[in-house]
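Novice: See target-v3.tsv below, with TSV, N, CA and C atoms.
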chain	number	residue	atom	x	y	z
M	12	MET	N	114.13	99.88	171.08
M	12	MET	CA	113.70	99.88	169.70
M	12	MET	C	113.16	101.24	169.28
M	13	SER	N	113.75	102.30	169.76
M	13	SER	CA	113.28	103.62	169.39
M	13	SER	C	113.54	103.90	167.91
M	14	ASN	N	114.44	103.18	167.30
M	14	ASN	CA	114.74	103.34	165.88
M	14	ASN	C	113.88	102.43	165.00
M	15	SER	N	112.96	101.72	165.59
M	15	SER	CA	112.18	100.76	164.80
M	15	SER	C	111.14	101.49	163.97
M	16	ARG	N	110.75	100.83	162.89
M	16	ARG	CA	109.83	101.43	161.93
M	16	ARG	C	108.66	100.49	161.62
M	17	THR	N	107.66	101.10	161.06
M	17	THR	CA	106.56	100.35	160.47
M	17	THR	C	106.82	100.30	158.98
M	18	ILE	N	106.72	99.12	158.40
M	18	ILE	CA	106.95	98.97	156.96
M	18	ILE	C	105.72	98.37	156.29
M	19	ILE	N	105.64	98.60	154.99
M	19	ILE	CA	104.64	97.94	154.16
M	19	ILE	C	105.37	96.93	153.30
M	20	VAL	N	104.88	95.70	153.28
M	20	VAL	CA	105.45	94.65	152.44
M	20	VAL	C	104.39	94.24	151.42
M	21	ILE	N	104.78	94.26	150.16
M	21	ILE	CA	103.91	93.83	149.06
M	21	ILE	C	104.61	92.68	148.34
M	22	PRO	N	104.17	91.44	148.56
M	22	PRO	CA	104.76	90.33	147.82
M	22	PRO	C	104.17	90.29	146.42
M	23	ALA	N	105.01	90.07	145.42
M	23	ALA	CA	104.52	90.07	144.04
M	23	ALA	C	105.32	89.07	143.21
M	24	ARG	N	104.91	87.82	143.28
M	24	ARG	CA	105.60	86.78	142.52
M	24	ARG	C	105.34	86.94	141.02
M	25	GLY	N	106.33	86.61	140.24
M	25	GLY	CA	106.16	86.62	138.79
M	25	GLY	C	105.81	85.25	138.27
M	26	ASN	N	106.17	84.23	139.02
M	26	ASN	CA	106.02	82.84	138.59
M	26	ASN	C	104.73	82.23	139.14
M	27	SER	N	103.62	82.88	138.88
M	27	SER	CA	102.35	82.37	139.36
M	27	SER	C	101.91	81.17	138.53
M	28	LYS	N	101.34	80.19	139.19
M	28	LYS	CA	100.90	78.98	138.51
M	28	LYS	C	99.70	79.25	137.60
M	29	GLY	N	98.72	79.99	138.10
M	29	GLY	CA	97.49	80.21	137.34
M	29	GLY	C	97.66	81.19	136.20
M	30	ILE	N	98.04	82.41	136.50
M	30	ILE	CA	98.19	83.45	135.50
M	30	ILE	C	99.61	84.00	135.60
M	31	LYS	N	100.42	83.72	134.59
M	31	LYS	CA	101.82	84.18	134.59
M	31	LYS	C	101.88	85.70	134.65
M	32	LYS	N	102.76	86.20	135.48
M	32	LYS	CA	102.99	87.64	135.65
M	32	LYS	C	101.69	88.41	135.93
M	33	LYS	N	100.80	87.80	136.71
M	33	LYS	CA	99.49	88.42	136.97
M	33	LYS	C	99.61	89.79	137.61
M	34	ASN	N	100.67	90.02	138.36
M	34	ASN	CA	100.83	91.32	139.02
M	34	ASN	C	101.11	92.45	138.04
M	35	LEU	N	101.48	92.11	136.79
M	35	LEU	CA	101.72	93.12	135.77
M	35	LEU	C	100.60	93.20	134.73
M	36	ILE	N	99.58	92.35	134.87
M	36	ILE	CA	98.44	92.38	133.96
M	36	ILE	C	97.62	93.64	134.24
M	37	ARG	N	97.13	94.24	133.19
M	37	ARG	CA	96.39	95.51	133.33
M	37	ARG	C	95.03	95.32	134.00
M	38	PHE	N	94.76	96.23	134.91
M	38	PHE	CA	93.49	96.31	135.63
M	38	PHE	C	93.12	97.79	135.63
M	39	CYS	N	92.03	98.15	134.99
M	39	CYS	CA	91.63	99.56	134.87
M	39	CYS	C	92.75	100.40	134.24
M	40	GLY	N	93.40	99.84	133.24
M	40	GLY	CA	94.40	100.58	132.47
M	40	GLY	C	95.82	100.58	133.01
M	41	LYS	N	96.04	100.04	134.19
M	41	LYS	CA	97.38	100.01	134.79
M	41	LYS	C	97.68	98.59	135.28
M	42	PRO	N	98.96	98.24	135.40
M	42	PRO	CA	99.27	96.93	135.97
M	42	PRO	C	98.67	96.77	137.37
M	43	LEU	N	98.23	95.58	137.68
M	43	LEU	CA	97.59	95.28	138.96
M	43	LEU	C	98.43	95.79	140.14
M	44	LEU	N	99.72	95.54	140.10
M	44	LEU	CA	100.63	95.96	141.17
M	44	LEU	C	100.64	97.47	141.36
M	45	TYR	N	100.45	98.22	140.29
M	45	TYR	CA	100.45	99.69	140.35
M	45	TYR	C	99.50	100.21	141.41
M	46	TRP	N	98.28	99.64	141.45
M	46	TRP	CA	97.25	100.16	142.35
M	46	TRP	C	97.63	100.00	143.82
M	47	THR	N	98.22	98.87	144.17
M	47	THR	CA	98.62	98.66	145.56
M	47	THR	C	99.79	99.57	145.93
M	48	ILE	N	100.74	99.73	145.02
M	48	ILE	CA	101.85	100.64	145.28
M	48	ILE	C	101.33	102.07	145.42
M	49	LEU	N	100.43	102.48	144.55
M	49	LEU	CA	99.87	103.83	144.62
M	49	LEU	C	99.18	104.07	145.96
M	50	GLN	N	98.38	103.12	146.39
M	50	GLN	CA	97.69	103.25	147.67
M	50	GLN	C	98.68	103.33	148.82
M	51	ALA	N	99.69	102.49	148.79
M	51	ALA	CA	100.71	102.49	149.85
M	51	ALA	C	101.45	103.83	149.87
M	52	LYS	N	101.76	104.37	148.69
M	52	LYS	CA	102.48	105.64	148.62
M	52	LYS	C	101.64	106.82	149.12
M	53	LYS	N	100.34	106.67	149.14
M	53	LYS	CA	99.46	107.73	149.64
M	53	LYS	C	99.13	107.53	151.13
M	54	SER	N	99.63	106.45	151.70
M	54	SER	CA	99.42	106.20	153.13
M	54	SER	C	100.49	106.96	153.92
M	55	LYS	N	100.36	106.95	155.24
M	55	LYS	CA	101.36	107.65	156.05
M	55	LYS	C	102.66	106.84	156.17
M	56	PHE	N	102.71	105.68	155.58
M	56	PHE	CA	103.90	104.82	155.65
M	56	PHE	C	104.67	104.81	154.33
M	57	LYS	N	104.47	105.83	153.52
M	57	LYS	CA	104.98	105.88	152.15
M	57	LYS	C	106.49	105.74	151.99
M	58	LYS	N	107.24	106.04	153.01
M	58	LYS	CA	108.70	105.97	152.90
M	58	LYS	C	109.24	104.57	153.15
M	59	ASN	N	108.42	103.68	153.61
M	59	ASN	CA	108.89	102.34	153.99
M	59	ASN	C	108.10	101.24	153.29
M	60	ILE	N	108.06	101.32	151.96
M	60	ILE	CA	107.34	100.33	151.16
M	60	ILE	C	108.37	99.41	150.51
M	61	TYR	N	108.12	98.10	150.64
M	61	TYR	CA	109.02	97.09	150.08
M	61	TYR	C	108.22	96.10	149.24
M	62	VAL	N	108.59	96.01	147.95
M	62	VAL	CA	108.01	95.00	147.08
M	62	VAL	C	109.01	93.85	147.04
M	63	SER	N	108.50	92.66	147.28
M	63	SER	CA	109.33	91.45	147.29
M	63	SER	C	108.94	90.60	146.09
M	64	SER	N	109.94	90.26	145.26
M	64	SER	CA	109.68	89.43	144.08
M	64	SER	C	110.96	88.74	143.61
M	65	GLU	N	110.76	87.63	142.94
M	65	GLU	CA	111.88	86.94	142.28
M	65	GLU	C	112.01	87.41	140.84
M	66	ASP	N	111.02	88.17	140.38
M	66	ASP	CA	110.91	88.54	138.97
M	66	ASP	C	111.50	89.94	138.72
M	67	GLU	N	112.50	90.00	137.84
M	67	GLU	CA	113.19	91.26	137.59
M	67	GLU	C	112.28	92.31	136.96
M	68	LYS	N	111.33	91.91	136.13
M	68	LYS	CA	110.39	92.88	135.54
M	68	LYS	C	109.54	93.55	136.62
M	69	ILE	N	109.09	92.76	137.57
M	69	ILE	CA	108.28	93.30	138.67
M	69	ILE	C	109.13	94.23	139.54
M	70	LEU	N	110.35	93.83	139.83
M	70	LEU	CA	111.24	94.66	140.64
M	70	LEU	C	111.56	95.98	139.93
M	71	LYS	N	111.82	95.90	138.64
M	71	LYS	CA	112.12	97.11	137.84
M	71	LYS	C	110.91	98.04	137.82
M	72	PHE	N	109.72	97.49	137.60
M	72	PHE	CA	108.49	98.28	137.59
M	72	PHE	C	108.29	98.97	138.95
M	73	SER	N	108.53	98.25	140.02
M	73	SER	CA	108.36	98.78	141.38
M	73	SER	C	109.35	99.91	141.66
M	74	ARG	N	110.60	99.71	141.26
M	74	ARG	CA	111.62	100.76	141.45
M	74	ARG	C	111.25	102.01	140.65
M	75	LYS	N	110.70	101.81	139.46
M	75	LYS	CA	110.27	102.93	138.62
M	75	LYS	C	109.19	103.76	139.32
M	76	LEU	N	108.38	103.11	140.14
M	76	LEU	CA	107.35	103.80	140.91
M	76	LEU	C	107.88	104.37	142.22
M	77	GLY	N	109.17	104.18	142.47
M	77	GLY	CA	109.82	104.83	143.61
M	77	GLY	C	109.72	104.11	144.93
M	78	VAL	N	109.55	102.79	144.90
M	78	VAL	CA	109.51	102.04	146.16
M	78	VAL	C	110.73	101.14	146.26
M	79	ASN	N	110.99	100.68	147.47
M	79	ASN	CA	112.11	99.77	147.73
M	79	ASN	C	111.77	98.38	147.22
M	80	THR	N	112.78	97.66	146.80
M	80	THR	CA	112.56	96.29	146.33
M	80	THR	C	113.52	95.34	147.03
M	81	ILE	N	113.05	94.12	147.18
M	81	ILE	CA	113.86	93.04	147.74
M	81	ILE	C	113.76	91.87	146.76
M	82	LYS	N	114.91	91.43	146.27
M	82	LYS	CA	114.94	90.27	145.37
M	82	LYS	C	114.74	89.02	146.21
M	83	ARG	N	113.65	88.33	145.94
M	83	ARG	CA	113.31	87.11	146.69
M	83	ARG	C	113.93	85.90	145.99
M	84	PRO	N	114.52	84.99	146.74
M	84	PRO	CA	115.07	83.78	146.12
M	84	PRO	C	113.97	82.94	145.47
M	85	ILE	N	114.33	82.25	144.41
M	85	ILE	CA	113.39	81.36	143.72
M	85	ILE	C	112.80	80.34	144.69
M	86	SER	N	113.61	79.90	145.63
M	86	SER	CA	113.15	78.89	146.60
M	86	SER	C	111.98	79.40	147.45
M	87	LEU	N	111.84	80.72	147.57
M	87	LEU	CA	110.73	81.30	148.34
M	87	LEU	C	109.64	81.87	147.42
M	88	SER	N	109.70	81.46	146.15
M	88	SER	CA	108.76	81.98	145.16
M	88	SER	C	108.02	80.87	144.43
M	89	GLN	N	107.84	79.77	145.11
M	89	GLN	CA	107.16	78.62	144.52
M	89	GLN	C	105.66	78.66	144.85
M	90	ASP	N	104.89	77.81	144.18
M	90	ASP	CA	103.45	77.76	144.42
M	90	ASP	C	103.12	77.44	145.87
M	91	ASP	N	103.99	76.69	146.53
M	91	ASP	CA	103.72	76.31	147.92
M	91	ASP	C	104.48	77.19	148.93
M	92	SER	N	105.12	78.26	148.45
M	92	SER	CA	105.83	79.18	149.35
M	92	SER	C	104.80	80.05	150.06
M	93	SER	N	105.04	80.29	151.33
M	93	SER	CA	104.10	81.09	152.12
M	93	SER	C	104.40	82.59	152.01
M	94	SER	N	103.38	83.37	152.24
M	94	SER	CA	103.56	84.82	152.31
M	94	SER	C	104.48	85.17	153.47
M	95	GLU	N	104.37	84.41	154.55
M	95	GLU	CA	105.21	84.64	155.72
M	95	GLU	C	106.70	84.48	155.37
M	96	SER	N	107.02	83.53	154.50
M	96	SER	CA	108.42	83.36	154.12
M	96	SER	C	108.92	84.56	153.32
M	97	ALA	N	108.04	85.17	152.53
M	97	ALA	CA	108.41	86.38	151.79
M	97	ALA	C	108.65	87.54	152.75
M	98	ILE	N	107.78	87.66	153.74
M	98	ILE	CA	107.93	88.73	154.74
M	98	ILE	C	109.22	88.53	155.53
M	99	LYS	N	109.48	87.30	155.95
M	99	LYS	CA	110.71	87.00	156.69
M	99	LYS	C	111.94	87.35	155.87
M	100	ASN	N	111.90	87.06	154.57
M	100	ASN	CA	113.02	87.38	153.69
M	100	ASN	C	113.24	88.89	153.61
M	101	VAL	N	112.17	89.66	153.55
M	101	VAL	CA	112.31	91.12	153.56
M	101	VAL	C	113.00	91.57	154.84
M	102	LEU	N	112.53	91.07	155.98
M	102	LEU	CA	113.10	91.46	157.27
M	102	LEU	C	114.58	91.12	157.35
M	103	GLU	N	114.96	89.97	156.80
M	103	GLU	CA	116.37	89.55	156.82
M	103	GLU	C	117.25	90.44	155.96
M	104	ASN	N	116.64	91.19	155.03
M	104	ASN	CA	117.41	92.05	154.14
M	104	ASN	C	117.44	93.51	154.56
M	105	LEU	N	116.83	93.83	155.68
M	105	LEU	CA	116.81	95.21	156.17
M	105	LEU	C	117.88	95.39	157.23
M	106	ASN	N	118.40	96.60	157.32
M	106	ASN	CA	119.44	96.87	158.33
M	106	ASN	C	118.90	97.77	159.44
M	107	PHE	N	117.63	97.64	159.73
M	107	PHE	CA	117.03	98.38	160.85
M	107	PHE	C	115.96	97.51	161.48
M	108	ASN	N	115.54	97.90	162.68
M	108	ASN	CA	114.50	97.16	163.40
M	108	ASN	C	113.13	97.51	162.86
M	109	VAL	N	112.30	96.51	162.76
M	109	VAL	CA	110.93	96.70	162.30
M	109	VAL	C	110.00	96.45	163.47
M	110	LYS	N	109.13	97.41	163.71
M	110	LYS	CA	108.17	97.30	164.81
M	110	LYS	C	106.85	96.69	164.34
M	111	ASN	N	106.38	97.13	163.17
M	111	ASN	CA	105.10	96.66	162.63
M	111	ASN	C	105.23	96.41	161.13
M	112	ILE	N	104.47	95.44	160.65
M	112	ILE	CA	104.45	95.11	159.23
M	112	ILE	C	103.02	95.24	158.73
M	113	ILE	N	102.85	96.02	157.69
M	113	ILE	CA	101.57	96.11	157.00
M	113	ILE	C	101.72	95.28	155.73
M	114	PHE	N	100.91	94.27	155.60
M	114	PHE	CA	101.00	93.30	154.51
M	114	PHE	C	99.90	93.59	153.50
M	115	LEU	N	100.29	94.00	152.29
M	115	LEU	CA	99.32	94.31	151.25
M	115	LEU	C	99.50	93.36	150.08
M	116	GLN	N	98.40	92.80	149.61
M	116	GLN	CA	98.47	91.91	148.46
M	116	GLN	C	98.07	92.67	147.19
M	117	ALA	N	98.90	92.56	146.17
M	117	ALA	CA	98.64	93.24	144.91
M	117	ALA	C	97.36	92.72	144.24
M	118	THR	N	97.00	91.50	144.56
M	118	THR	CA	95.81	90.90	143.96
M	118	THR	C	94.52	91.33	144.64
M	119	SER	N	94.62	92.24	145.59
M	119	SER	CA	93.43	92.82	146.26
M	119	SER	C	93.53	94.34	146.19
M	120	PRO	N	93.36	94.91	145.00
M	120	PRO	CA	93.62	96.35	144.83
M	120	PRO	C	92.46	97.27	145.22
M	121	LEU	N	91.34	96.73	145.65
M	121	LEU	CA	90.18	97.56	145.93
M	121	LEU	C	90.19	98.06	147.37
M	122	ARG	N	91.11	98.97	147.63
M	122	ARG	CA	91.24	99.61	148.93
M	122	ARG	C	91.63	101.06	148.69
M	123	LYS	N	91.48	101.87	149.69
M	123	LYS	CA	91.89	103.27	149.61
M	123	LYS	C	93.05	103.49	150.58
M	124	PRO	N	93.88	104.49	150.32
M	124	PRO	CA	94.99	104.75	151.25
M	124	PRO	C	94.51	104.95	152.69
M	125	LYS	N	93.36	105.58	152.87
M	125	LYS	CA	92.87	105.78	154.24
M	125	LYS	C	92.50	104.46	154.90
M	126	ASP	N	92.18	103.43	154.09
M	126	ASP	CA	91.91	102.11	154.66
M	126	ASP	C	93.17	101.55	155.33
M	127	ILE	N	94.31	101.78	154.72
M	127	ILE	CA	95.59	101.32	155.27
M	127	ILE	C	95.85	102.04	156.59
M	128	ASP	N	95.75	103.36	156.56
M	128	ASP	CA	96.00	104.15	157.76
M	128	ASP	C	95.01	103.84	158.87
M	129	ASN	N	93.72	103.71	158.53
M	129	ASN	CA	92.70	103.42	159.54
M	129	ASN	C	92.86	102.03	160.14
M	130	ALA	N	93.21	101.06	159.33
M	130	ALA	CA	93.41	99.70	159.85
M	130	ALA	C	94.60	99.70	160.82
M	131	PHE	N	95.66	100.41	160.47
M	131	PHE	CA	96.82	100.48	161.35
M	131	PHE	C	96.44	101.18	162.66
M	132	LYS	N	95.72	102.27	162.56
M	132	LYS	CA	95.29	103.02	163.75
M	132	LYS	C	94.43	102.13	164.66
M	133	LYS	N	93.54	101.37	164.06
M	133	LYS	CA	92.68	100.47	164.83
M	133	LYS	C	93.51	99.41	165.54
M	134	MET	N	94.51	98.87	164.85
M	134	MET	CA	95.38	97.87	165.46
M	134	MET	C	96.12	98.45	166.67
M	135	VAL	N	96.65	99.66	166.51
M	135	VAL	CA	97.39	100.32	167.60
M	135	VAL	C	96.45	100.62	168.78
M	136	ASN	N	95.31	101.21	168.46
M	136	ASN	CA	94.36	101.59	169.52
M	136	ASN	C	93.81	100.40	170.29
M	137	SER	N	93.66	99.27	169.61
M	137	SER	CA	93.13	98.08	170.29
M	137	SER	C	94.24	97.25	170.93
M	138	LYS	N	95.49	97.71	170.77
M	138	LYS	CA	96.67	97.01	171.31
M	138	LYS	C	96.74	95.57	170.84
M	139	SER	N	96.40	95.37	169.57
M	139	SER	CA	96.44	94.02	168.97
M	139	SER	C	97.86	93.58	168.75
Now, as a test, write the supplied structure out as structure tokens.
Specialist:
Amino acid sequence: MSNSRTIIVIPARGNSKGIKKKNLIRFCGKPLLYWTILQAKKSKFKKNIYVSSEDEKILKFSRKLGVNTIKRPISLSQDDSSSESAIKNVLENLNFNVKNIIFLQATSPLRKPKDIDNAFKKMVNSKS
């Protein structure tokens, strides 16, 4: 697996039960999803960011910010769909081996890029 990579996966459903299109609602002047993508792009894993969504507006917004997108099937975008199913769908759509997955939620934007890098470093150093 010398060709394997570490990727960042950001699931961003458009069909949220509570707040429709919550990932595009403004937070501090920008869509909520913007902050997580920005942080990921400033991490050392910036070339391997994947936003997973069933919503074309979210996918278009993500592509505009220069990240990879994976169109998630509606069947994996329901209220009872797991985050793990979204991650698995991303992996099934890649044509390379993945060694590590960094999972970032757009609904938790209060992090810094160094938090992503430091958490990954801690995981590697502790052999988790």
Novice: What does the distance between atom CA of Trp46 of chain M and atom CA of Pro124 of chain M come to in Å, to one decimal place?
Specialist: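 Between atom CA of Trp46 of chain M and atom CA of Pro124 of chain M the gap works out to 10.3 Å.
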Novice: List the spatial neighbours of Lys125 of chain M as a count of residues only - criterion: any atom at most 8 Å away, all atoms listed in the file, same-chain residues fewer than 4 positions off excluded.
Specialist: 7
Novice: Listing only residues of segment 33-59 of chain M within 8 Å of segment 103-116 of chain M, what is the closest atom pair and its distance in Å (to one decimal) for each, using all atoms listed in the file, sorted by chain and residue number ascending, as CSV?
Specialist:
residue,atom,partner,partner_atom,distance
M:Leu43,C,M:Gln116,C,7.7
M:Leu44,CA,M:Gln116,C,7.3
M:Thr47,CA,M:Gln116,C,6.2
M:Ile48,N,M:Gln116,C,7.9
Novice: Could you list, as a list in words, every residue within 7 Å of segment 62-78 of chain M, counting only C-alpha atoms and ignoring same-chain residues fewer than 4 positions away?
Specialist: Val20, Ile21, Pro22, Ala23, Arg24, Gly25, Lys82, Arg83, Pro84, Ile85, Ser88, Ala97 and Val101 of chain M
Novice: DSSP says helix (DSSP H, G or I) for which residues of segment 50-83 of chain M? Put them as a PDB file with N, CA and C atoms, keeping the file's coordinate frame?
Specialist:
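As written to disk, part00.pdb reads:
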ATOM      1  N   GLN M  50      98.380 103.120 146.390  1.00  0.00           N
ATOM      2  CA  GLN M  50      97.690 103.250 147.670  1.00  0.00           C
ATOM      3  C   GLN M  50      98.680 103.330 148.820  1.00  0.00           C
ATOM      4  N   ALA M  51      99.690 102.490 148.790  1.00  0.00           N
ATOM      5  CA  ALA M  51     100.710 102.490 149.850  1.00  0.00           C
ATOM      6  C   ALA M  51     101.450 103.830 149.870  1.00  0.00           C
ATOM      7  N   LYS M  52     101.760 104.370 148.690  1.00  0.00           N
ATOM      8  CA  LYS M  52     102.480 105.640 148.620  1.00  0.00           C
ATOM      9  C   LYS M  52     101.640 106.820 149.120  1.00  0.00           C
ATOM     10  N   GLU M  67     112.500  90.000 137.840  1.00  0.00           N
ATOM     11  CA  GLU M  67     113.190  91.260 137.590  1.00  0.00           C
ATOM     12  C   GLU M  67     112.280  92.310 136.960  1.00  0.00           C
ATOM     13  N   LYS M  68     111.330  91.910 136.130  1.00  0.00           N
ATOM     14  CA  LYS M  68     110.390  92.880 135.540  1.00  0.00           C
ATOM     15  C   LYS M  68     109.540  93.550 136.620  1.00  0.00           C
ATOM     16  N   ILE M  69     109.090  92.760 137.570  1.00  0.00           N
ATOM     17  CA  ILE M  69     108.280  93.300 138.670  1.00  0.00           C
ATOM     18  C   ILE M  69     109.130  94.230 139.540  1.00  0.00           C
ATOM     19  N   LEU M  70     110.350  93.830 139.830  1.00  0.00           N
ATOM     20  CA  LEU M  70     111.240  94.660 140.640  1.00  0.00           C
ATOM     21  C   LEU M  70     111.560  95.980 139.930  1.00  0.00           C
ATOM     22  N   LYS M  71     111.820  95.900 138.640  1.00  0.00           N
ATOM     23  CA  LYS M  71     112.120  97.110 137.840  1.00  0.00           C
ATOM     24  C   LYS M  71     110.910  98.040 137.820  1.00  0.00           C
ATOM     25  N   PHE M  72     109.720  97.490 137.600  1.00  0.00           N
ATOM     26  CA  PHE M  72     108.490  98.280 137.590  1.00  0.00           C
ATOM     27  C   PHE M  72     108.290  98.970 138.950  1.00  0.00           C
ATOM     28  N   SER M  73     108.530  98.250 140.020  1.00  0.00           N
ATOM     29  CA  SER M  73     108.360  98.780 141.380  1.00  0.00           C
ATOM     30  C   SER M  73     109.350  99.910 141.660  1.00  0.00           C
ATOM     31  N   ARG M  74     110.600  99.710 141.260  1.00  0.00           N
ATOM     32  CA  ARG M  74     111.620 100.760 141.450  1.00  0.00           C
ATOM     33  C   ARG M  74     111.250 102.010 140.650  1.00  0.00           C
ATOM     34  N   LYS M  75     110.700 101.810 139.460  1.00  0.00           N
ATOM     35  CA  LYS M  75     110.270 102.930 138.620  1.00  0.00           C
ATOM     36  C   LYS M  75     109.190 103.760 139.320  1.00  0.00           C
TER      37      LYS M  75
END
Novice: Could you find all residues in chain M that DSSP calls strand (DSSP E) from the backbone, and write them as a list in words?
Specialist: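 The strand (DSSP E) subset of chain M is Arg16, Thr17, Ile18, Ile19, Val20, Ile21, Pro22, Arg37, Phe38, Lys41, Pro42, Ile60, Tyr61, Val62, Ser63, Ser64, Asn79, Thr80, Ile81, Lys82, Val109, Lys110, Asn111, Ile112, Ile113 and Phe114 of chain M.
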Novice: For the atom pair atom N of Arg122 of chain M and atom CA of Lys32 of chain M, what is the interatomic distance in Å to one decimal place?
Specialist: 20.3 Å
Novice: What gap, in Å, lies between atom N of Asn100 of chain M and atom CA of Thr17 of chain M?
Specialist: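 Separation between atom N of Asn100 of chain M and atom CA of Thr17 of chain M: 15.5 Å.
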Novice: Closest to Lys132 of chain M among M:Lys31, M:Phe56, M:Asn79, M:Arg37, using only C-alpha atoms?
Specialist: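 Ranking M:Lys31, M:Phe56, M:Asn79, M:Arg37 by distance to Lys132 of chain M, first place goes to M:Phe56.
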